[in-house]
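Participant: Sharing a structure with you now.
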Amino acid sequence: MLDLINPNEADRLAALHRYDILDTPPEESFDRITRLAKSALQMPIVLVSLVDADRQWFKSRQGLDATETPRNISFCTHAIMQDEPLIIPDALDDSRFRQNPLVTGEPYIRFYIGIPLKTPDGYNIGTLCAVDQQPRELSDEQINLLWDLARLVMDELELREIATTDSLTGAQTRRSFQLDVKREMDRVQRYKRPAAFITFDVDNFKVVNDTYGHAAGDAVLQSLASTCKANLRSVDLFARFGGEEFVILMPETDRSGAMSAAEKLRNIISDTPVVCGDQQVSVTASFGVTVCDPEDGSVESLLMRADEAMYKAKKAGRNRTVFLGGAEFFRMRRQKQFAQVDSHPANQLA
């Protein structure tokens, strides 16, 4: 299939990456839009699709399990080449798509409409798209509704970019945190001072939303954020990284201090049901902790390490705190790399 590339592709990708949204967790503000589109249009699949260099990645998805697909087979790659909606009434009647693996295989696309997501400076970074497994037509009213919802997606992206405080929880936004933490880490590395990163994630949060509703899910996140702000120091940085994941930077804090702080928060969360209307919702959270080592070179590597510690807490049964130091983390990564090399077909004996 033809690999379509915009003449100013480098600028388009730069515009996309400025939003710092790729590979972030689901967010209710975007999921609300796709749910509304799915219901209003009676479509089985609705996506917020962002077209990266070699893939389309879905910030929000209704009716589809995949989180991304290769760019060279994506319908959205065609949609971002124009400023009007791309409408394919029946993919089997379109020479561009009839042999596409997304048509001949899962999700068996027959109908497609993609509304370009255009940035204020004029770059199409993705689409709000809807898909059906049957051929169909949309009315002008339905197309205009999807246009309006696509504009809401861009409004959310713009608000997300400029906001320093998460509107739901009052925690810092991911972007604001990254700017502040860079300044703090410059100081930490310059003066060789201790600092700790803590990440935590609500256990089984999807079950909370599915069982009690999204209002209860929002109340849980607000309660957790209030707990953190009430029990952290004024010098600590606290952010919502998206979805149900939060991150804390604690300056002048060693392993013992960070583990103590994380355990305190974990116990409060576990012991304090969240009141939402006439319901009481009990939740737990899994925590990952790491501290700066002399060889640490970037904030990204420290966040990755704290994330890995949190995932170890999840795998160990949830509702616990796990510490992961630099030496153990680097050893784990080397073991994974060796395992990948050993399992490569070229290294297997015939």
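Ordering of the structure tokens sets the chain letters (A, B, ...); residue numbers start at 1 within each chain; ligands are numbered from 1 in the order shown.
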Could you tell me, as a ChimeraX atom specification, which residues of segment 141-302 of chain A DSSP assigns to strand (DSSP E) when given the backbone?
Facilitator: /A:195-202,237-242,245-251,274-276,279-281,285-291
Participant: Taking into account only C-alpha atoms, which residue in the set A:Tyr191, A:Phe323, A:Tyr108, A:Tyr19 is nearest to Glu252 of chain A?
Facilitator: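 Of the candidates, the smallest distance to Glu252 of chain A is held by A:Tyr191.
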Participant: Tell me, as a list of chain:residue names, which residues lie within 8 Å of segment 312-316 of chain A, counting only C-alpha atoms; anything in the same chain fewer than 3 positions away does not count.
Facilitator: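 Here the qualifying residues turn out to be A:Asp203, A:Ser286, A:Phe287, A:Gly288, A:Glu308, A:Ala309, A:Asn319, A:Arg320, A:Thr321, A:Val322.
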Participant: Produce a file of the selected residues containing N, CA and C atoms, as a short mmCIF file (atom, residue, chain, number, x, y, z; two decimals), in the first residue's frame.
Facilitator:
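Writing done, so here's result26.cif:
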data_model
loop_
_atom_site.label_atom_id
_atom_site.label_comp_id
_atom_site.auth_asym_id
_atom_site.auth_seq_id
_atom_site.Cartn_x
_atom_site.Cartn_y
_atom_site.Cartn_z
N ASP A 203 -5.15 0.30 41.89
CA ASP A 203 -5.34 -1.11 41.52
C ASP A 203 -6.76 -1.33 40.98
N SER A 286 -0.75 0.51 44.13
CA SER A 286 0.58 -0.11 44.10
C SER A 286 1.62 0.97 43.86
N PHE A 287 2.69 0.92 44.67
CA PHE A 287 3.71 1.97 44.66
C PHE A 287 5.05 1.43 44.19
N GLY A 288 5.75 2.24 43.39
CA GLY A 288 7.13 1.96 43.02
C GLY A 288 8.03 3.10 43.46
N GLU A 308 8.95 0.59 36.70
CA GLU A 308 9.25 -0.84 36.75
C GLU A 308 9.02 -1.38 38.16
N ALA A 309 9.41 -0.59 39.17
CA ALA A 309 9.17 -1.00 40.56
C ALA A 309 7.67 -1.12 40.83
N ASN A 319 -1.34 -3.55 46.01
CA ASN A 319 -1.44 -2.97 47.35
C ASN A 319 -0.16 -3.18 48.14
N ARG A 320 0.96 -2.83 47.53
CA ARG A 320 2.25 -2.94 48.20
C ARG A 320 3.22 -1.94 47.59
N THR A 321 4.36 -1.76 48.25
CA THR A 321 5.39 -0.83 47.80
C THR A 321 6.66 -1.61 47.49
N VAL A 322 7.22 -1.36 46.33
CA VAL A 322 8.44 -2.05 45.91
C VAL A 322 9.51 -1.01 45.58
#
Participant: Which polymer residues have any atom within 10 Å of an atom of Leu265 of chain A, counting only C-alpha atoms, with same-chain residues fewer than 2 positions away left out, as an NGL selection string?
Facilitator: :A and (200 or 224 or 227-228 or 230-232 or 259-263 or 267-271 or 285 or 287)
Participant: Kindly save the residues from that selection, with N, CA and C atoms included, as a compact mmCIF listing (two decimals), in the first residue's frame.
Facilitator:
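Written file, part07.txt:
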# COMPACT_ATOMS: atom_id res chain seq x y z
N PHE A 200 2.72 5.72 41.62
CA PHE A 200 1.69 4.79 42.09
C PHE A 200 0.49 4.82 41.17
N LEU A 224 -7.58 10.44 46.28
CA LEU A 224 -6.17 10.07 46.34
C LEU A 224 -5.27 11.29 46.24
N THR A 227 -5.32 13.14 49.48
CA THR A 227 -4.50 12.43 50.47
C THR A 227 -3.02 12.74 50.28
N CYS A 228 -2.57 12.73 49.04
CA CYS A 228 -1.16 13.01 48.77
C CYS A 228 -0.80 14.44 49.15
N ALA A 230 -2.14 16.37 51.24
CA ALA A 230 -2.21 16.60 52.69
C ALA A 230 -1.03 15.97 53.42
N ASN A 231 -0.37 15.00 52.80
CA ASN A 231 0.68 14.26 53.51
C ASN A 231 2.07 14.44 52.91
N LEU A 232 2.19 15.20 51.84
CA LEU A 232 3.50 15.49 51.27
C LEU A 232 3.99 16.84 51.75
N MET A 259 10.55 5.25 51.09
CA MET A 259 9.74 4.07 51.38
C MET A 259 8.74 4.36 52.49
N SER A 260 9.18 5.10 53.49
CA SER A 260 8.30 5.46 54.60
C SER A 260 7.13 6.31 54.10
N ALA A 261 7.42 7.29 53.24
CA ALA A 261 6.37 8.17 52.71
C ALA A 261 5.40 7.38 51.84
N ALA A 262 5.93 6.50 50.99
CA ALA A 262 5.07 5.71 50.11
C ALA A 262 4.17 4.78 50.92
N GLU A 263 4.73 4.13 51.92
CA GLU A 263 3.95 3.22 52.75
C GLU A 263 2.86 3.97 53.52
N ASN A 267 -1.09 3.04 52.96
CA ASN A 267 -1.95 2.62 54.06
C ASN A 267 -3.17 3.52 54.21
N ILE A 268 -2.97 4.82 54.05
CA ILE A 268 -4.11 5.74 54.15
C ILE A 268 -5.12 5.44 53.05
N ILE A 269 -4.63 5.23 51.82
CA ILE A 269 -5.52 4.93 50.70
C ILE A 269 -6.29 3.64 50.95
N SER A 270 -5.58 2.62 51.41
CA SER A 270 -6.20 1.33 51.66
C SER A 270 -7.23 1.37 52.78
N ASP A 271 -6.98 2.23 53.78
CA ASP A 271 -7.83 2.25 54.98
C ASP A 271 -8.97 3.26 54.90
N ALA A 285 -3.69 0.89 46.13
CA ALA A 285 -2.76 1.38 45.11
C ALA A 285 -1.44 0.65 45.25
N PHE A 287 2.69 0.92 44.67
CA PHE A 287 3.71 1.97 44.66
C PHE A 287 5.05 1.43 44.19
Participant: Tell me which protein, DNA and RNA residues are within 8 Å of Glu156 of chain A, counting only C-alpha atoms, leaving out same-chain ones fewer than 4 positions away, and put them as a PDB file with C-alpha atoms, in the first residue's frame.
Facilitator:
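And here's part.pdb as it stands now:
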ATOM      1  CA  SER A  29     -11.830  13.768  28.754  1.00  0.00           C
ATOM      2  CA  PHE A  30     -11.029  12.016  25.453  1.00  0.00           C
ATOM      3  CA  LEU A 152     -13.487  19.224  21.078  1.00  0.00           C
ATOM      4  CA  ARG A 160      -3.759  19.857  28.113  1.00  0.00           C
TER       5      ARG A 160
END
Participant: Please provide the set of residues having any atom within 8 Å of Gln134 of chain A, restricted to only C-alpha atoms, with same-chain residues fewer than 4 positions apart removed, written as a JSON list (two decimals) with C-alpha atoms, in the first residue's frame.
Facilitator:
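And here's selection-v8.json as it stands now:
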[["chain", "number", "residue", "atom", "x", "y", "z"],
["A", 90, "ASP", "CA", -17.48, 0.72, 1.29],
["A", 109, "ILE", "CA", -13.35, -2.29, 8.02],
["A", 110, "ARG", "CA", -16.03, -1.58, 5.43],
["A", 111, "PHE", "CA", -17.11, 1.95, 6.31]]
Participant: With distances taken over only C-alpha atoms, which of A:Pro107, A:Pro85, A:Gly326, A:Gly243 is nearest to Asn124 of chain A?
Facilitator: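 Smallest separation from Asn124 of chain A among the options: A:Pro85.
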Participant: Please provide as a compact mmCIF listing (two decimals) with N, CA and C atoms, in the first residue's frame all residues within 6 Å of segment 164-180 of chain A, with the sequence filter that same-chain residues fewer than 2 positions apart are discarded (counting only C-alpha atoms).
Facilitator:
# COMPACT_ATOMS: atom_id res chain seq x y z
N LYS A 182 12.87 18.85 35.88
CA LYS A 182 14.16 19.05 35.22
C LYS A 182 15.00 20.07 35.99
N ARG A 183 14.34 21.16 36.42
CA ARG A 183 15.06 22.17 37.20
C ARG A 183 15.54 21.58 38.53
N GLN A 222 -9.81 12.04 42.89
CA GLN A 222 -9.77 13.28 43.67
C GLN A 222 -9.38 13.00 45.12
N ALA A 225 -5.64 12.20 45.34
CA ALA A 225 -4.83 13.41 45.19
C ALA A 225 -4.87 14.25 46.46
N ALA A 239 2.30 14.96 40.66
CA ALA A 239 1.64 15.12 39.36
C ALA A 239 0.79 13.92 39.02
N ARG A 240 -0.25 14.18 38.25
CA ARG A 240 -1.01 13.11 37.62
C ARG A 240 -0.45 12.92 36.21
N PHE A 241 -0.02 11.72 35.94
CA PHE A 241 0.59 11.44 34.64
C PHE A 241 -0.43 10.97 33.62
Participant: What is the distance, in Å and to one decimal place, between atom CA of Ser74 of chain A and atom CA of Phe97 of chain A?
Facilitator: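 Spanning atom CA of Ser74 of chain A to atom CA of Phe97 of chain A is a straight-line distance of 9.5 Å.
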Participant: DSSP on the backbone, alpha helix (DSSP H) only: what residues of segment 129-206 of chain A does that give? Format it as number ranges by chain.
Facilitator: A: 140-162, 174-191, 205-206
Participant: Please produce a file of the residues just selected, as a CSV table (one decimal), in the first residue's frame, where the atoms kept are C-alpha atoms.
Facilitator:
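This is the output file part-v4.csv:
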chain,number,residue,atom,x,y,z
A,140,ASP,CA,-24.8,15.9,6.7
A,141,GLU,CA,-26.0,16.3,10.3
A,142,GLN,CA,-24.1,13.3,11.5
A,143,ILE,CA,-20.9,14.4,9.7
A,144,ASN,CA,-21.2,17.9,11.2
A,145,LEU,CA,-21.6,16.3,14.7
A,146,LEU,CA,-18.3,14.4,14.2
A,147,TRP,CA,-16.7,17.7,13.0
A,148,ASP,CA,-17.8,19.3,16.3
A,149,LEU,CA,-16.5,16.4,18.4
A,150,ALA,CA,-13.1,16.5,16.5
A,151,ARG,CA,-12.9,20.2,17.4
A,152,LEU,CA,-13.5,19.2,21.1
A,153,VAL,CA,-10.6,16.7,20.8
A,154,MET,CA,-8.3,19.6,19.7
A,155,ASP,CA,-9.6,21.8,22.4
A,156,GLU,CA,-8.7,19.1,25.0
A,157,LEU,CA,-5.2,18.8,23.5
A,158,GLU,CA,-4.7,22.5,23.6
A,159,LEU,CA,-5.9,22.8,27.2
A,160,ARG,CA,-3.8,19.9,28.1
A,161,GLU,CA,-0.7,21.6,26.7
A,162,ILE,CA,-1.1,24.9,28.4
A,174,ARG,CA,2.6,15.8,33.2
A,175,ARG,CA,4.0,18.6,31.2
A,176,SER,CA,4.3,21.0,34.1
A,177,PHE,CA,5.9,18.3,36.3
A,178,GLN,CA,8.5,17.5,33.6
A,179,LEU,CA,9.5,21.2,33.4
A,180,ASP,CA,9.8,21.5,37.2
A,181,VAL,CA,11.5,18.2,37.8
A,182,LYS,CA,14.2,19.1,35.2
A,183,ARG,CA,15.1,22.2,37.2
A,184,GLU,CA,15.1,20.2,40.5
A,185,MET,CA,17.2,17.4,39.0
A,186,ASP,CA,19.7,19.9,37.7
A,187,ARG,CA,20.1,21.1,41.3
A,188,VAL,CA,20.3,17.5,42.6
A,189,GLN,CA,23.0,16.5,40.2
A,190,ARG,CA,25.0,19.7,40.6
A,191,TYR,CA,25.2,19.5,44.4
A,205,PHE,CA,-9.3,1.1,38.4
A,206,LYS,CA,-11.3,-0.2,35.4
Participant: Please compute the atom CA of Gly63 of chain A-atom CA of Tyr123 of chain A distance, one decimal, in Å.
Facilitator: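 So the answer is 27.4 Å.
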